[in-house]
file structure04.txt (compact mmCIF, C-alpha atoms)
# COMPACT_ATOMS: atom_id res chain seq x y z
CA MET Z 1 112.67 79.23 104.81
CA THR Z 2 114.60 79.33 108.05
CA HIS Z 3 116.74 76.86 109.96
CA ARG Z 4 113.80 75.96 112.24
CA SER Z 5 110.89 76.09 109.81
CA PRO Z 6 110.96 75.14 106.12
CA GLY Z 7 108.04 77.38 105.18
CA VAL Z 8 106.48 77.17 101.74
CA VAL Z 9 109.80 77.35 99.87
CA GLY Z 10 111.33 74.57 101.94
CA ALA Z 11 108.22 72.43 101.53
CA VAL Z 12 108.42 72.80 97.73
CA PHE Z 13 112.14 72.02 97.70
CA ASP Z 14 111.55 68.97 99.92
CA ASP Z 15 108.67 67.29 98.05
CA GLU Z 16 109.57 65.73 94.66
CA ARG Z 17 105.87 65.65 93.71
CA VAL Z 18 105.55 69.43 93.73
CA ARG Z 19 106.25 71.77 90.83
CA ALA Z 20 106.86 75.46 91.47
CA GLU Z 21 105.15 78.13 89.39
CA ILE Z 22 107.66 80.97 89.30
CA ILE Z 23 107.38 84.61 88.20
CA CYS Z 24 110.66 85.28 86.39
CA ASP Z 25 110.62 89.03 85.83
CA GLY Z 26 113.67 89.53 88.07
CA PHE Z 27 111.59 91.82 90.27
CA HIS Z 28 109.23 89.48 92.11
CA ILE Z 29 112.15 87.14 92.75
CA ASN Z 30 115.79 88.20 92.76
CA PRO Z 31 117.87 86.66 89.93
CA ALA Z 32 120.17 84.86 92.42
CA VAL Z 33 117.14 83.30 94.12
CA LEU Z 34 115.81 82.27 90.70
CA ARG Z 35 119.11 80.54 89.89
CA ILE Z 36 119.09 78.73 93.25
CA THR Z 37 115.46 77.68 92.82
CA PHE Z 38 115.90 76.37 89.29
CA ARG Z 39 119.07 74.51 90.31
CA GLN Z 40 117.39 73.00 93.39
CA LEU Z 41 114.21 71.90 91.60
CA GLY Z 42 115.79 70.59 88.42
CA GLU Z 43 114.44 70.47 84.87
CA ASP Z 44 111.05 68.89 85.51
CA ARG Z 45 109.74 70.82 88.53
CA THR Z 46 109.90 74.45 87.37
CA VAL Z 47 107.05 76.26 85.57
CA ILE Z 48 107.43 79.81 84.31
CA ILE Z 49 104.41 82.05 84.88
CA SER Z 50 104.15 85.76 84.16
CA ASP Z 51 101.56 87.09 86.63
CA SER Z 52 101.04 89.74 83.98
CA MET Z 53 98.26 92.24 84.37
CA ARG Z 54 96.62 94.90 82.22
CA ALA Z 55 99.76 97.07 82.09
CA ALA Z 56 101.81 94.28 80.48
CA GLY Z 57 103.45 95.58 77.32
CA GLU Z 58 102.39 99.15 78.06
CA PRO Z 59 104.71 102.06 78.86
CA ASP Z 60 105.13 103.29 82.43
CA GLY Z 61 102.11 105.15 83.76
CA ILE Z 62 98.82 104.51 85.52
CA SER Z 63 96.82 101.34 85.01
CA GLU Z 64 94.08 99.40 86.78
CA LEU Z 65 93.75 96.01 88.42
CA GLY Z 66 90.45 94.82 89.86
CA GLY Z 67 89.25 98.35 90.47
CA GLN Z 68 92.53 99.43 92.07
CA THR Z 69 94.81 102.07 90.62
CA VAL Z 70 98.20 100.65 89.68
CA TYR Z 71 101.32 102.76 89.16
CA VAL Z 72 103.90 101.37 86.74
CA LYS Z 73 107.42 102.76 86.99
CA ASP Z 74 110.46 101.13 85.40
CA GLY Z 75 108.19 98.23 84.42
CA GLN Z 76 107.23 97.52 88.03
CA ALA Z 77 103.51 97.57 88.84
CA ARG Z 78 102.61 98.70 92.35
CA LEU Z 79 99.62 99.88 94.30
CA LYS Z 80 99.70 103.31 95.96
CA ASP Z 81 101.08 101.79 99.19
CA GLY Z 82 103.96 100.13 97.31
CA THR Z 83 102.51 96.61 97.24
CA ILE Z 84 103.43 94.67 94.09
CA ALA Z 85 100.32 94.60 91.88
CA GLY Z 86 101.40 92.01 89.33
CA SER Z 87 103.92 91.82 86.55
CA THR Z 88 104.26 93.67 83.28
CA THR Z 89 106.32 90.94 81.60
CA ASN Z 90 105.31 88.22 79.19
CA MET Z 91 106.61 84.67 78.77
CA HIS Z 92 109.12 85.62 76.08
CA GLN Z 93 110.65 88.30 78.31
CA GLU Z 94 110.84 85.83 81.19
CA VAL Z 95 112.57 83.22 79.03
CA CYS Z 96 115.12 85.88 78.01
CA ASN Z 97 115.53 86.95 81.65
CA LEU Z 98 116.24 83.42 82.84
CA VAL Z 99 118.83 82.80 80.13
CA ARG Z 100 120.46 86.15 80.98
CA PHE Z 101 120.38 85.25 84.70
CA GLY Z 102 122.31 82.05 83.96
CA VAL Z 103 119.62 79.36 84.16
CA PRO Z 104 120.44 76.51 81.73
CA PHE Z 105 118.72 77.00 78.36
CA LYS Z 106 117.22 73.49 78.25
CA GLN Z 107 115.62 73.98 81.65
CA VAL Z 108 114.27 77.39 80.65
CA ILE Z 109 112.62 75.96 77.53
CA LYS Z 110 111.13 72.99 79.40
CA SER Z 111 109.85 75.41 82.06
CA ALA Z 112 108.03 77.43 79.38
CA THR Z 113 106.68 74.49 77.36
CA ILE Z 114 106.25 70.89 78.51
CA ASN Z 115 106.33 71.54 82.27
CA PRO Z 116 103.34 73.93 82.23
CA ALA Z 117 101.52 71.56 79.85
CA ARG Z 118 102.02 68.73 82.37
CA GLU Z 119 100.86 70.98 85.19
CA ILE Z 120 97.49 71.51 83.50
CA HIS Z 121 97.31 67.89 82.27
CA GLU Z 122 97.50 68.94 78.60
CA ASP Z 123 100.89 67.45 77.74
CA ALA Z 124 99.23 64.96 75.37
CA ASN Z 125 98.11 67.96 73.26
CA ILE Z 126 100.62 70.77 73.80
CA GLY Z 127 104.06 71.54 75.22
CA SER Z 128 106.30 69.64 72.81
CA ILE Z 129 106.68 68.87 69.12
CA LYS Z 130 105.12 65.54 68.23
CA VAL Z 131 102.80 64.16 65.57
CA GLY Z 132 99.21 64.60 66.73
CA LYS Z 133 99.89 67.52 69.05
CA ARG Z 134 98.62 71.02 68.36
CA ALA Z 135 101.18 72.84 66.23
CA ASP Z 136 101.81 75.93 68.39
CA LEU Z 137 105.44 77.01 68.07
CA VAL Z 138 107.59 80.05 68.71
CA VAL Z 139 110.81 80.10 66.69
CA LEU Z 140 113.69 82.08 68.22
CA ASP Z 141 117.05 83.03 66.76
CA ASN Z 142 120.37 82.64 68.62
CA ASP Z 143 119.75 85.97 70.39
CA LEU Z 144 116.28 84.80 71.52
CA ASN Z 145 114.47 87.21 69.18
CA ILE Z 146 111.12 85.92 67.91
CA LYS Z 147 111.50 84.97 64.26
CA MET Z 148 108.21 83.16 63.74
CA VAL Z 149 105.04 82.20 65.57
CA ILE Z 150 102.98 79.25 64.39
CA ALA Z 151 99.52 78.96 65.94
CA ARG Z 152 97.51 75.78 65.32
CA GLY Z 153 99.73 74.92 62.39
CA LYS Z 154 99.50 78.28 60.63
CA ILE Z 155 102.12 81.03 60.53
CA ALA Z 156 100.81 83.91 62.63
CA VAL Z 157 103.99 86.01 62.75
CA ASP Z 158 106.89 85.90 60.32
CA ASN Z 159 109.93 88.03 61.19
CA ARG Z 160 112.44 86.09 59.08
call {"tool": "encode", "arguments": {"input": "structure04.txt", "output": "structure tokens"}}
result
Amino acid sequence: MTHRSPGVVGAVFDDERVRAEIICDGFHINPAVLRITFRQLGEDRTVIISDSMRAAGEPDGISELGGQTVYVKDGQARLKDGTIAGSTTNMHQEVCNLVRFGVPFKQVIKSATINPAREIHEDANIGSIKVGKRADLVVLDNDLNIKMVIARGKIAVDNR
């Protein structure tokens, strides 16, 4: 985005019909830029995505992506030439990142739940708590630790 050409970012900011799918690992996009983007787009136009690849959740080391060797150092996945190869985060980590970066909690939760459901036209089935919807829930404590996971109405993880 420059003063003479809006580019992709400016086009997204300018068109109310567009939602932005945003990698929130704090590496692909600087935390200050994430705050600006979430503020500019508002609660209903932001969708958290992870761009995670095979090395997600694994310790630093060597991994693979589409036949290419990927080097993970400090959680950052790169090809030999330094090109970003994907992310090693998951949605929970990105939710925690955004809250830590200062994005409003309500917007973060909507960006991880109902907004992505709308984006894939599944909001009648998933993305919020309502009678008749699939009962997929993640229960967090005040520190955003996962306390329980309910998948299709059954407790899958119980850390209470």
call {"tool": "residues_around", "arguments": {"input": "structure04.txt", "residues": "stretch 120-132 of chain Z", "least_positions_apart": "5", "cutoff": "10 Å", "atoms": "only C-alpha atoms", "output": "list in words"}}
result
Ile109, Lys110, Ser111, Ala112, Thr113, Ile114, Asn115 and Leu137 of chain Z
call {"tool": "write_last_selection", "arguments": {"input": "structure04.txt", "atoms": "C-alpha atoms", "output": "PDB file, keeping the file's coordinate frame"}}
result
ATOM      1  CA  ILE Z 109     112.620  75.960  77.530  1.00  0.00           C
ATOM      2  CA  LYS Z 110     111.130  72.990  79.400  1.00  0.00           C
ATOM      3  CA  SER Z 111     109.850  75.410  82.060  1.00  0.00           C
ATOM      4  CA  ALA Z 112     108.030  77.430  79.380  1.00  0.00           C
ATOM      5  CA  THR Z 113     106.680  74.490  77.360  1.00  0.00           C
ATOM      6  CA  ILE Z 114     106.250  70.890  78.510  1.00  0.00           C
ATOM      7  CA  ASN Z 115     106.330  71.540  82.270  1.00  0.00           C
ATOM      8  CA  LEU Z 137     105.440  77.010  68.070  1.00  0.00           C
TER       9      LEU Z 137
END
call {"tool": "residues_around", "arguments": {"input": "structure04.txt", "residues": "Z:Ala151", "least_positions_apart": "6", "cutoff": "10 Å", "atoms": "all atoms listed in the file", "output": "ChimeraX atom specification"}}
result
/Z:134-138,157
call {"tool": "write_last_selection", "arguments": {"input": "structure04.txt", "atoms": "C-alpha atoms", "output": "mmCIF file, in the frame of the given file"}}
result
data_model
loop_
_atom_site.group_PDB
_atom_site.id
_atom_site.type_symbol
_atom_site.label_atom_id
_atom_site.label_comp_id
_atom_site.auth_asym_id
_atom_site.auth_seq_id
_atom_site.Cartn_x
_atom_site.Cartn_y
_atom_site.Cartn_z
ATOM 1 C CA ARG Z 134 98.620 71.020 68.360
ATOM 2 C CA ALA Z 135 101.180 72.840 66.230
ATOM 3 C CA ASP Z 136 101.810 75.930 68.390
ATOM 4 C CA LEU Z 137 105.440 77.010 68.070
ATOM 5 C CA VAL Z 138 107.590 80.050 68.710
ATOM 6 C CA VAL Z 157 103.990 86.010 62.750
#
call {"tool": "atom_distance", "arguments": {"input": "structure04.txt", "atom1": "atom CA of Z:Val72", "atom2": "atom CA of Z:Val47"}}
result
25.3 Å
call {"tool": "atom_distance", "arguments": {"input": "structure04.txt", "atom1": "atom CA of Z:Glu58", "atom2": "atom CA of Z:Ile84"}}
result
16.7 Å
call {"tool": "axis_aligned_box", "arguments": {"input": "structure04.txt", "around": "stretch 21-34 of chain Z", "padding_each_side": "4 Å", "output": "JSON"}}
result
{"center_x": 112.7, "center_y": 85.0, "center_z": 90.0, "size_x": 23.0, "size_y": 21.7, "size_z": 16.3}
call {"tool": "closest_residue", "arguments": {"input": "structure04.txt", "among": "Z:Ile48, Z:Leu34, Z:Met1, Z:Val9", "to": "Z:Glu21", "atoms": "all atoms listed in the file"}}
result
Z:Ile48
call {"tool": "atom_distance", "arguments": {"input": "structure04.txt", "atom1": "atom CA of Z:Arg118", "atom2": "atom CA of Z:Asn142"}}
result
26.8 Å
call {"tool": "residues_around", "arguments": {"input": "structure04.txt", "residues": "Z:Gly26", "least_positions_apart": "3", "cutoff": "10 Å", "atoms": "all atoms listed in the file", "output": "VMD selection string"}}
result
chain Z and resid 23 29 to 34 89 94 97 to 98 101
call {"tool": "residues_around", "arguments": {"input": "structure04.txt", "residues": "Z:Ile62", "least_positions_apart": "2", "cutoff": "12 Å", "atoms": "only C-alpha atoms", "output": "tab-separated table (two decimals) with C-alpha atoms, in the coordinates of the input"}}
result
chain	number	residue	atom	x	y	z
Z	54	ARG	CA	96.62	94.90	82.22
Z	55	ALA	CA	99.76	97.07	82.09
Z	56	ALA	CA	101.81	94.28	80.48
Z	58	GLU	CA	102.39	99.15	78.06
Z	59	PRO	CA	104.71	102.06	78.86
Z	60	ASP	CA	105.13	103.29	82.43
Z	64	GLU	CA	94.08	99.40	86.78
Z	65	LEU	CA	93.75	96.01	88.42
Z	68	GLN	CA	92.53	99.43	92.07
Z	69	THR	CA	94.81	102.07	90.62
Z	70	VAL	CA	98.20	100.65	89.68
Z	71	TYR	CA	101.32	102.76	89.16
Z	72	VAL	CA	103.90	101.37	86.74
Z	73	LYS	CA	107.42	102.76	86.99
Z	75	GLY	CA	108.19	98.23	84.42
Z	76	GLN	CA	107.23	97.52	88.03
Z	77	ALA	CA	103.51	97.57	88.84
Z	78	ARG	CA	102.61	98.70	92.35
Z	79	LEU	CA	99.62	99.88	94.30
Z	80	LYS	CA	99.70	103.31	95.96
Z	85	ALA	CA	100.32	94.60	91.88
call {"tool": "closest_residue", "arguments": {"input": "structure04.txt", "among": "Z:Glu119, Z:Gln40, Z:Thr2, Z:Arg35", "to": "Z:Asp14", "atoms": "all atoms listed in the file"}}
result
Z:Gln40
call {"tool": "closest_residue", "arguments": {"input": "structure04.txt", "among": "Z:Ser63, Z:Ile22, Z:Arg152, Z:Lys133", "to": "Z:Val108", "atoms": "all atoms listed in the file"}}
result
Z:Ile22
call {"tool": "closest_residue", "arguments": {"input": "structure04.txt", "among": "Z:Asn90, Z:Asn159, Z:Thr37, Z:Thr83", "to": "Z:Met53", "atoms": "only C-alpha atoms"}}
result
Z:Asn90
call {"tool": "closest_residue", "arguments": {"input": "structure04.txt", "among": "Z:Gly102, Z:Gly153, Z:Pro116, Z:Gly10", "to": "Z:Asp44", "atoms": "all atoms listed in the file"}}
result
Z:Pro116
call {"tool": "closest_residue", "arguments": {"input": "structure04.txt", "among": "Z:Ile155, Z:Asp143, Z:Met91, Z:Val149", "to": "Z:Asp25", "atoms": "all atoms listed in the file"}}
result
Z:Met91
call {"tool": "decode", "arguments": {"input": "structure04.txt", "residues": "stretch 103-153 of chain Z", "atoms": "N, CA and C atoms", "output": "JSON list (two decimals), in the first residue's frame"}}
result
[["chain", "number", "residue", "atom", "x", "y", "z"],
["Z", 103, "VAL", "N", -5.03, -6.97, 20.44],
["Z", 103, "VAL", "CA", -6.26, -7.00, 19.65],
["Z", 103, "VAL", "C", -7.41, -7.32, 20.62],
["Z", 104, "PRO", "N", -8.54, -6.63, 20.52],
["Z", 104, "PRO", "CA", -9.65, -6.88, 21.45],
["Z", 104, "PRO", "C", -10.09, -8.35, 21.45],
["Z", 105, "PHE", "N", -10.30, -8.87, 22.67],
["Z", 105, "PHE", "CA", -10.63, -10.28, 22.85],
["Z", 105, "PHE", "C", -11.84, -10.71, 22.03],
["Z", 106, "LYS", "N", -12.91, -9.92, 22.05],
["Z", 106, "LYS", "CA", -14.11, -10.29, 21.31],
["Z", 106, "LYS", "C", -13.81, -10.45, 19.81],
["Z", 107, "GLN", "N", -13.02, -9.55, 19.28],
["Z", 107, "GLN", "CA", -12.67, -9.64, 17.85],
["Z", 107, "GLN", "C", -11.82, -10.88, 17.58],
["Z", 108, "VAL", "N", -10.90, -11.17, 18.48],
["Z", 108, "VAL", "CA", -10.06, -12.36, 18.32],
["Z", 108, "VAL", "C", -10.92, -13.61, 18.26],
["Z", 109, "ILE", "N", -11.86, -13.73, 19.20],
["Z", 109, "ILE", "CA", -12.71, -14.93, 19.25],
["Z", 109, "ILE", "C", -13.58, -15.03, 18.00],
["Z", 110, "LYS", "N", -14.18, -13.93, 17.58],
["Z", 110, "LYS", "CA", -14.98, -13.96, 16.35],
["Z", 110, "LYS", "C", -14.12, -14.33, 15.14],
["Z", 111, "SER", "N", -12.88, -13.88, 15.14],
["Z", 111, "SER", "CA", -11.98, -14.15, 14.02],
["Z", 111, "SER", "C", -11.52, -15.60, 13.97],
["Z", 112, "ALA", "N", -11.68, -16.31, 15.08],
["Z", 112, "ALA", "CA", -11.31, -17.73, 15.14],
["Z", 112, "ALA", "C", -12.52, -18.66, 15.05],
["Z", 113, "THR", "N", -13.72, -18.10, 15.10],
["Z", 113, "THR", "CA", -14.92, -18.94, 15.18],
["Z", 113, "THR", "C", -15.94, -18.62, 14.08],
["Z", 114, "ILE", "N", -16.80, -17.65, 14.32],
["Z", 114, "ILE", "CA", -17.90, -17.39, 13.40],
["Z", 114, "ILE", "C", -17.44, -16.78, 12.07],
["Z", 115, "ASN", "N", -16.41, -15.94, 12.10],
["Z", 115, "ASN", "CA", -15.96, -15.34, 10.83],
["Z", 115, "ASN", "C", -15.44, -16.38, 9.84],
["Z", 116, "PRO", "N", -14.58, -17.33, 10.27],
["Z", 116, "PRO", "CA", -14.16, -18.37, 9.32],
["Z", 116, "PRO", "C", -15.34, -19.25, 8.88],
["Z", 117, "ALA", "N", -16.27, -19.51, 9.80],
["Z", 117, "ALA", "CA", -17.44, -20.32, 9.42],
["Z", 117, "ALA", "C", -18.24, -19.62, 8.33],
["Z", 118, "ARG", "N", -18.41, -18.31, 8.45],
["Z", 118, "ARG", "CA", -19.10, -17.54, 7.40],
["Z", 118, "ARG", "C", -18.34, -17.60, 6.09],
["Z", 119, "GLU", "N", -17.03, -17.50, 6.19],
["Z", 119, "GLU", "CA", -16.18, -17.49, 4.99],
["Z", 119, "GLU", "C", -16.35, -18.77, 4.16],
["Z", 120, "ILE", "N", -16.56, -19.88, 4.83],
["Z", 120, "ILE", "CA", -16.73, -21.15, 4.10],
["Z", 120, "ILE", "C", -18.21, -21.55, 3.99],
["Z", 121, "HIS", "N", -19.09, -20.60, 4.31],
["Z", 121, "HIS", "CA", -20.55, -20.81, 4.21],
["Z", 121, "HIS", "C", -21.04, -21.97, 5.07],
["Z", 122, "GLU", "N", -20.46, -22.11, 6.27],
["Z", 122, "GLU", "CA", -20.85, -23.16, 7.20],
["Z", 122, "GLU", "C", -21.38, -22.59, 8.51],
["Z", 123, "ASP", "N", -21.66, -21.29, 8.55],
["Z", 123, "ASP", "CA", -22.08, -20.66, 9.79],
["Z", 123, "ASP", "C", -23.43, -21.14, 10.30],
["Z", 124, "ALA", "N", -24.20, -21.84, 9.49],
["Z", 124, "ALA", "CA", -25.45, -22.45, 9.97],
["Z", 124, "ALA", "C", -25.15, -23.70, 10.80],
["Z", 125, "ASN", "N", -23.94, -24.26, 10.65],
["Z", 125, "ASN", "CA", -23.57, -25.51, 11.32],
["Z", 125, "ASN", "C", -22.49, -25.36, 12.38],
["Z", 126, "ILE", "N", -21.59, -24.42, 12.20],
["Z", 126, "ILE", "CA", -20.44, -24.27, 13.10],
["Z", 126, "ILE", "C", -20.16, -22.80, 13.35],
["Z", 127, "GLY", "N", -19.25, -22.51, 14.28],
["Z", 127, "GLY", "CA", -18.76, -21.15, 14.47],
["Z", 127, "GLY", "C", -19.37, -20.39, 15.63],
["Z", 128, "SER", "N", -20.46, -20.91, 16.18],
["Z", 128, "SER", "CA", -21.08, -20.28, 17.36],
["Z", 128, "SER", "C", -21.87, -21.34, 18.11],
["Z", 129, "ILE", "N", -22.30, -20.97, 19.31],
["Z", 129, "ILE", "CA", -23.05, -21.90, 20.16],
["Z", 129, "ILE", "C", -24.53, -21.62, 19.97],
["Z", 130, "LYS", "N", -25.23, -22.62, 19.42],
["Z", 130, "LYS", "CA", -26.66, -22.47, 19.17],
["Z", 130, "LYS", "C", -27.27, -23.86, 19.00],
["Z", 131, "VAL", "N", -28.48, -24.02, 19.47],
["Z", 131, "VAL", "CA", -29.19, -25.29, 19.32],
["Z", 131, "VAL", "C", -29.21, -25.66, 17.83],
["Z", 132, "GLY", "N", -28.85, -26.91, 17.56],
["Z", 132, "GLY", "CA", -28.85, -27.41, 16.19],
["Z", 132, "GLY", "C", -27.50, -27.35, 15.51],
["Z", 133, "LYS", "N", -26.58, -26.56, 16.06],
["Z", 133, "LYS", "CA", -25.24, -26.51, 15.48],
["Z", 133, "LYS", "C", -24.38, -27.64, 16.05],
["Z", 134, "ARG", "N", -23.34, -27.99, 15.32],
["Z", 134, "ARG", "CA", -22.41, -29.02, 15.79],
["Z", 134, "ARG", "C", -21.73, -28.53, 17.05],
["Z", 135, "ALA", "N", -21.68, -29.36, 18.06],
["Z", 135, "ALA", "CA", -21.13, -28.98, 19.36],
["Z", 135, "ALA", "C", -19.62, -29.19, 19.40],
["Z", 136, "ASP", "N", -18.89, -28.28, 18.74],
["Z", 136, "ASP", "CA", -17.43, -28.27, 18.77],
["Z", 136, "ASP", "C", -17.02, -27.03, 19.57],
["Z", 137, "LEU", "N", -16.41, -27.25, 20.72],
["Z", 137, "LEU", "CA", -16.06, -26.14, 21.60],
["Z", 137, "LEU", "C", -14.66, -26.31, 22.17],
["Z", 138, "VAL", "N", -13.98, -25.20, 22.37],
["Z", 138, "VAL", "CA", -12.73, -25.17, 23.11],
["Z", 138, "VAL", "C", -12.96, -24.25, 24.29],
["Z", 139, "VAL", "N", -12.75, -24.77, 25.50],
["Z", 139, "VAL", "CA", -12.96, -24.00, 26.72],
["Z", 139, "VAL", "C", -11.59, -23.53, 27.22],
["Z", 140, "LEU", "N", -11.45, -22.21, 27.39],
["Z", 140, "LEU", "CA", -10.20, -21.62, 27.86],
["Z", 140, "LEU", "C", -10.39, -21.04, 29.25],
["Z", 141, "ASP", "N", -9.32, -21.01, 30.03],
["Z", 141, "ASP", "CA", -9.39, -20.31, 31.31],
["Z", 141, "ASP", "C", -9.02, -18.84, 31.10],
["Z", 142, "ASN", "N", -8.93, -18.08, 32.19],
["Z", 142, "ASN", "CA", -8.64, -16.64, 32.08],
["Z", 142, "ASN", "C", -7.26, -16.35, 31.49],
["Z", 143, "ASP", "N", -6.36, -17.33, 31.56],
["Z", 143, "ASP", "CA", -5.02, -17.16, 30.99],
["Z", 143, "ASP", "C", -4.91, -17.76, 29.59],
["Z", 144, "LEU", "N", -6.05, -18.12, 29.02],
["Z", 144, "LEU", "CA", -6.16, -18.69, 27.66],
["Z", 144, "LEU", "C", -5.58, -20.09, 27.54],
["Z", 145, "ASN", "N", -5.42, -20.79, 28.66],
["Z", 145, "ASN", "CA", -5.01, -22.20, 28.62],
["Z", 145, "ASN", "C", -6.22, -23.04, 28.25],
["Z", 146, "ILE", "N", -6.00, -24.09, 27.48],
["Z", 146, "ILE", "CA", -7.10, -24.98, 27.09],
["Z", 146, "ILE", "C", -7.47, -25.84, 28.29],
["Z", 147, "LYS", "N", -8.72, -25.73, 28.71],
["Z", 147, "LYS", "CA", -9.22, -26.52, 29.83],
["Z", 147, "LYS", "C", -10.03, -27.72, 29.35],
["Z", 148, "MET", "N", -10.70, -27.57, 28.22],
["Z", 148, "MET", "CA", -11.53, -28.66, 27.71],
["Z", 148, "MET", "C", -11.75, -28.48, 26.22],
["Z", 149, "VAL", "N", -11.83, -29.60, 25.52],
["Z", 149, "VAL", "CA", -12.19, -29.62, 24.10],
["Z", 149, "VAL", "C", -13.38, -30.55, 23.96],
["Z", 150, "ILE", "N", -14.43, -30.04, 23.35],
["Z", 150, "ILE", "CA", -15.62, -30.84, 23.07],
["Z", 150, "ILE", "C", -15.72, -30.94, 21.55],
["Z", 151, "ALA", "N", -15.72, -32.16, 21.05],
["Z", 151, "ALA", "CA", -15.80, -32.41, 19.60],
["Z", 151, "ALA", "C", -17.08, -33.19, 19.31],
["Z", 152, "ARG", "N", -17.94, -32.59, 18.50],
["Z", 152, "ARG", "CA", -19.23, -33.19, 18.14],
["Z", 152, "ARG", "C", -20.03, -33.61, 19.37],
["Z", 153, "GLY", "N", -19.96, -32.77, 20.40],
["Z", 153, "GLY", "CA", -20.77, -32.99, 21.59],
["Z", 153, "GLY", "C", -20.15, -33.90, 22.64]]
